[in-house]
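Accompanying notes for the structure given below.
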Amino acid sequence: MRAARQEQDSQRATRRAAQDDEACLLAAELANYPAAAPLVAILRAQRDGPYRDHVIEAARAFPTDDATTDTGGAAPWAAVHWLKRGTKADYNRDHEPLAEGGQGAVYSGMHKHTRIPIALKQLRFSDEDALHRMRREIFIGHLYGEHPNVMPVLDSDPDGRWFVMPLANGSAASHVERLQRETGALRELVIAVCEGLRRPHTDGRIHRDIKPANVLLLNGKWVVADWGLGRQPRGETSIPRRTRTGTGFGSEGFAAPELSSGNPHNVTAAADVYSIGRLIAAILTGERPEQNLPLLPARGPWVAAVTEATRHRPTDRPQDVDEFLRLLKDVL
């Protein structure tokens, strides 16, 4: 028994020494990449154990990834994504939520190992429809998250009950005063939303819930978030009713009229264009739109664009974000 224990101790010591050696070599190699600084810090400070193995695996992959080794292009939260492992224990979160929605609550927090601020969204209810919507949001965040105007998903529960994203600096709703005061600031937001929607629209995905709370300021750029109510391309939606909220789809006042009648799965990009128009009107007037009732800025360069974007019939609106952006030529 004693001999067996000594053999185990010897094997453990050998493994620890090998781990230390590889960690030192990787830390030296990655020191040339500023983006890899969080990985280097863990490799140098962490003692032996499973998590260090995990970091070593991530460090091995780093030099082979052209996107991560672009020293000028890594986002401040990139290390959280590189170290993802679907383990909620890797994160601290505040007790009180930053925001609560129909399906989930969002908490500010921190990745324990890198000390990088994050936001963690978790389900408030465990019914199958809410879980399906959360999984959809996670999928979209992974699929389009590299775009600068789409909120990325950094890590997630394998079952889809929670996910981690970068911590934003508020939403359009919390920056209303500046957006009302600066025409250029609002124009920048609107262009960012259109840019974030372009590729999903091309792929047949419609957000269906564009509103101030779902447009977030992240690292100085506006991003589109919360795709849980989004429409998937034809053939990928299992049960369309799962994205219904209340008596319709989307958020009341911002949702296009066609989302509450007929077949909301047949909507086009014109539905999101409508919501962008309502978003602009809500910001400029400081009023929440009422469903199917007109809401226009009192005056100014945005009136014409909002009028065209929020026409009742989808075919009377701009049919895609590029057509809508052409309406902004007179908005400075």
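Every chain in the structure tokens takes a letter, A first, then B, and so on in the order presented; its residues are numbered from 1, and the ligands are numbered from 1 following the presented order.
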Sorted by chain and rising residue number, which residues of region 167-198 of chain A lie within 10 Å of region 269-292 of chain A, and what are their closest atom pairs and distances in Å to one decimal, counting only C-alpha atoms, as CSV?
```
residue,atom,partner,partner_atom,distance
A:Ala172,CA,A:Ile283,CA,8.0
A:Ala173,CA,A:Ile283,CA,7.6
A:His175,CA,A:Ile283,CA,9.1
A:Val176,CA,A:Ile283,CA,5.9
A:Glu177,CA,A:Ile283,CA,8.4
A:Arg178,CA,A:Ile283,CA,9.9
A:Leu179,CA,A:Ile283,CA,7.1
A:Gln180,CA,A:Leu284,CA,5.4
A:Arg181,CA,A:Leu284,CA,8.9
A:Thr183,CA,A:Leu284,CA,9.8
A:Leu186,CA,A:Ile280,CA,7.9
A:Arg187,CA,A:Ile280,CA,9.3
A:Leu189,CA,A:Ile280,CA,9.5
A:Val190,CA,A:Ile276,CA,7.4
A:Val193,CA,A:Ile276,CA,8.0
A:Cys194,CA,A:Ile276,CA,8.5
A:Leu197,CA,A:Asp272,CA,8.5
A:Arg198,CA,A:Ala269,CA,9.1
```
CA of Leu123 (chain A) to CA of Trp162 (chain A), straight-line distance in Å: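 Taking CA of Trp162 (chain A) and CA of Leu123 (chain A), their separation equals 6.3 Å.
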task: Check the DSSP output for the backbone and give back, as number ranges by chain, the residues of region 121-328 of chain A in helix (DSSP H, G or I).
output: A: 128-144, 172-181, 183-202, 212-214, 240-243, 257-260, 264-266, 269-285, 302-309, 314-316, 321-328
task: Have a look at CA of Val153 (chain A) and CA of Gln122 (chain A) and let me know their distance in Å, one decimal.
output: 12.7 Å
message: Need to verify the contact set: His207 (chain A), 12 Å, only C-alpha atoms, exclusion of same-chain residues closer than 5 positions in sequence. Can you return it as a ChimeraX atom specification?
response: /A:136-137,140,150,193-194,196-201,214-215,224-233,243,249-251,254-256,259,264-265,267-276
For N, CA and C atoms, I'd like the residues from the last selection saved as a short mmCIF file (atom, residue, chain, number, x, y, z; two decimals), in the first residue's frame.
```
data_model
loop_
_atom_site.label_atom_id
_atom_site.label_comp_id
_atom_site.auth_asym_id
_atom_site.auth_seq_id
_atom_site.Cartn_x
_atom_site.Cartn_y
_atom_site.Cartn_z
N ARG A 136 -31.72 30.05 -28.50
CA ARG A 136 -31.68 30.79 -29.76
C ARG A 136 -30.80 32.02 -29.61
N GLU A 137 -30.94 32.73 -28.49
CA GLU A 137 -30.12 33.91 -28.25
C GLU A 137 -28.63 33.55 -28.18
N ILE A 140 -27.34 32.73 -31.79
CA ILE A 140 -27.13 33.93 -32.61
C ILE A 140 -25.89 34.70 -32.14
N VAL A 150 -22.85 43.51 -33.10
CA VAL A 150 -23.69 42.44 -32.54
C VAL A 150 -23.09 42.03 -31.20
N VAL A 193 -27.06 49.87 -35.70
CA VAL A 193 -28.14 48.88 -35.66
C VAL A 193 -28.33 48.26 -37.04
N CYS A 194 -28.34 49.10 -38.06
CA CYS A 194 -28.50 48.59 -39.43
C CYS A 194 -27.35 47.67 -39.81
N GLY A 196 -25.53 45.90 -37.79
CA GLY A 196 -25.65 44.67 -37.03
C GLY A 196 -26.73 43.74 -37.56
N LEU A 197 -27.74 44.30 -38.22
CA LEU A 197 -28.84 43.49 -38.75
C LEU A 197 -28.61 42.99 -40.17
N ARG A 198 -27.68 43.61 -40.89
CA ARG A 198 -27.55 43.31 -42.33
C ARG A 198 -27.30 41.83 -42.60
N ARG A 199 -26.28 41.24 -42.00
CA ARG A 199 -25.97 39.85 -42.30
C ARG A 199 -27.07 38.90 -41.82
N PRO A 200 -27.59 39.05 -40.59
CA PRO A 200 -28.72 38.19 -40.21
C PRO A 200 -29.88 38.29 -41.19
N HIS A 201 -30.21 39.49 -41.63
CA HIS A 201 -31.30 39.65 -42.61
C HIS A 201 -30.98 38.90 -43.89
N ASN A 214 -32.62 46.97 -26.03
CA ASN A 214 -31.87 45.93 -26.71
C ASN A 214 -30.76 46.47 -27.62
N VAL A 215 -30.49 47.75 -27.51
CA VAL A 215 -29.36 48.36 -28.22
C VAL A 215 -28.41 48.87 -27.15
N VAL A 224 -26.39 45.35 -31.27
CA VAL A 224 -27.73 44.78 -31.17
C VAL A 224 -27.65 43.55 -30.27
N ALA A 225 -28.54 43.48 -29.29
CA ALA A 225 -28.54 42.38 -28.32
C ALA A 225 -29.91 41.74 -28.26
N ASP A 226 -30.00 40.64 -27.53
CA ASP A 226 -31.24 39.93 -27.20
C ASP A 226 -32.01 39.47 -28.44
N TRP A 227 -31.53 38.36 -28.99
CA TRP A 227 -32.15 37.77 -30.17
C TRP A 227 -33.13 36.65 -29.82
N GLY A 228 -33.57 36.60 -28.58
CA GLY A 228 -34.43 35.50 -28.14
C GLY A 228 -35.76 35.41 -28.86
N LEU A 229 -36.26 36.54 -29.35
CA LEU A 229 -37.54 36.53 -30.07
C LEU A 229 -37.35 36.51 -31.58
N GLY A 230 -36.11 36.32 -32.00
CA GLY A 230 -35.82 36.37 -33.42
C GLY A 230 -36.46 35.25 -34.22
N ARG A 231 -36.71 35.56 -35.49
CA ARG A 231 -37.22 34.55 -36.42
C ARG A 231 -36.07 33.90 -37.14
N GLN A 232 -36.04 32.59 -37.10
CA GLN A 232 -35.02 31.84 -37.80
C GLN A 232 -35.39 31.70 -39.28
N PRO A 233 -34.43 31.33 -40.11
CA PRO A 233 -34.75 31.11 -41.53
C PRO A 233 -35.76 29.99 -41.69
N THR A 243 -41.78 32.17 -29.78
CA THR A 243 -41.28 33.54 -29.71
C THR A 243 -42.41 34.54 -29.52
N PHE A 249 -46.00 39.42 -31.01
CA PHE A 249 -44.58 39.14 -31.06
C PHE A 249 -43.83 40.44 -30.88
N GLY A 250 -42.62 40.37 -30.30
CA GLY A 250 -41.86 41.58 -30.06
C GLY A 250 -42.41 42.35 -28.86
N SER A 251 -42.05 43.63 -28.77
CA SER A 251 -42.46 44.47 -27.64
C SER A 251 -43.49 45.47 -28.10
N PHE A 254 -43.16 48.91 -30.25
CA PHE A 254 -42.02 48.86 -31.15
C PHE A 254 -42.20 47.80 -32.24
N ALA A 255 -43.06 46.83 -31.99
CA ALA A 255 -43.26 45.74 -32.94
C ALA A 255 -44.07 46.21 -34.15
N ALA A 256 -43.68 45.75 -35.31
CA ALA A 256 -44.40 46.08 -36.54
C ALA A 256 -45.82 45.51 -36.48
N LEU A 259 -46.63 41.78 -36.95
CA LEU A 259 -46.21 40.80 -35.94
C LEU A 259 -47.35 40.37 -35.03
N PRO A 264 -46.74 35.69 -38.16
CA PRO A 264 -45.53 36.48 -37.87
C PRO A 264 -44.24 35.84 -38.35
N HIS A 265 -44.29 34.55 -38.66
CA HIS A 265 -43.07 33.91 -39.14
C HIS A 265 -42.77 34.32 -40.59
N VAL A 267 -42.78 37.37 -41.69
CA VAL A 267 -42.35 38.77 -41.78
C VAL A 267 -41.00 38.88 -42.47
N THR A 268 -40.72 40.06 -42.99
CA THR A 268 -39.47 40.32 -43.69
C THR A 268 -38.63 41.33 -42.91
N ALA A 269 -37.52 41.72 -43.49
CA ALA A 269 -36.65 42.72 -42.86
C ALA A 269 -37.39 44.03 -42.63
N ALA A 270 -38.48 44.26 -43.37
CA ALA A 270 -39.25 45.49 -43.19
C ALA A 270 -39.82 45.60 -41.78
N ALA A 271 -40.00 44.46 -41.08
CA ALA A 271 -40.49 44.50 -39.71
C ALA A 271 -39.45 45.13 -38.78
N ASP A 272 -38.17 44.79 -38.99
CA ASP A 272 -37.12 45.40 -38.18
C ASP A 272 -36.91 46.86 -38.56
N VAL A 273 -37.11 47.20 -39.83
CA VAL A 273 -37.01 48.60 -40.24
C VAL A 273 -38.07 49.42 -39.51
N TYR A 274 -39.27 48.89 -39.40
CA TYR A 274 -40.34 49.56 -38.65
C TYR A 274 -39.88 49.83 -37.22
N SER A 275 -39.30 48.81 -36.57
CA SER A 275 -38.88 48.95 -35.18
C SER A 275 -37.76 49.97 -35.03
N ILE A 276 -36.88 50.08 -36.04
CA ILE A 276 -35.84 51.11 -36.00
C ILE A 276 -36.48 52.49 -36.03
#
```
- request: Fewer than 3 positions away in the same chain doesn't count, so skip those; otherwise give me all residues within 10 Å of Ala78 (chain A), counting only C-alpha atoms, as a list of chain:residue names.
  value: A:Ala35, A:Ala36, A:Pro38, A:Thr68, A:Gly73, A:Ala74, A:Ala75, A:His81, A:Trp82, A:Leu83, A:Ile116, A:Leu154, A:Pro166
- request: Measuring atom to atom with only C-alpha atoms, identify which of A:Leu296, A:Val306, A:Ala31, A:Ala213 is nearest to Ala99 (chain A).
  value: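 The shortest atom-to-atom distance to Ala99 (chain A) comes from A:Ala213.
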message: For the strand (DSSP E) assignment from backbone DSSP, which residues of region 94-184 of chain A qualify? Please present them as a list in words.
response: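 Strand (DSSP E) members of region 94-184 of chain A, listed: Ala99, Glu100, Gly104, Ala105, Val106, Tyr107, Ser108, Gly109, Met110, His111, Pro117, Ile118, Ala119, Leu120, Lys121, Gln122, Leu123, Asp155, Ser156, Trp162, Phe163, Val164, Met165 and Pro166 of chain A.
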- prompt: Skipping near chain neighbours, those fewer than 6 positions away, what residues fall within 10 Å of Ser174 (chain A) using only C-alpha atoms, listed as a list in words?
  reply: Pro212, Ala213, Leu216 and Leu217 of chain A
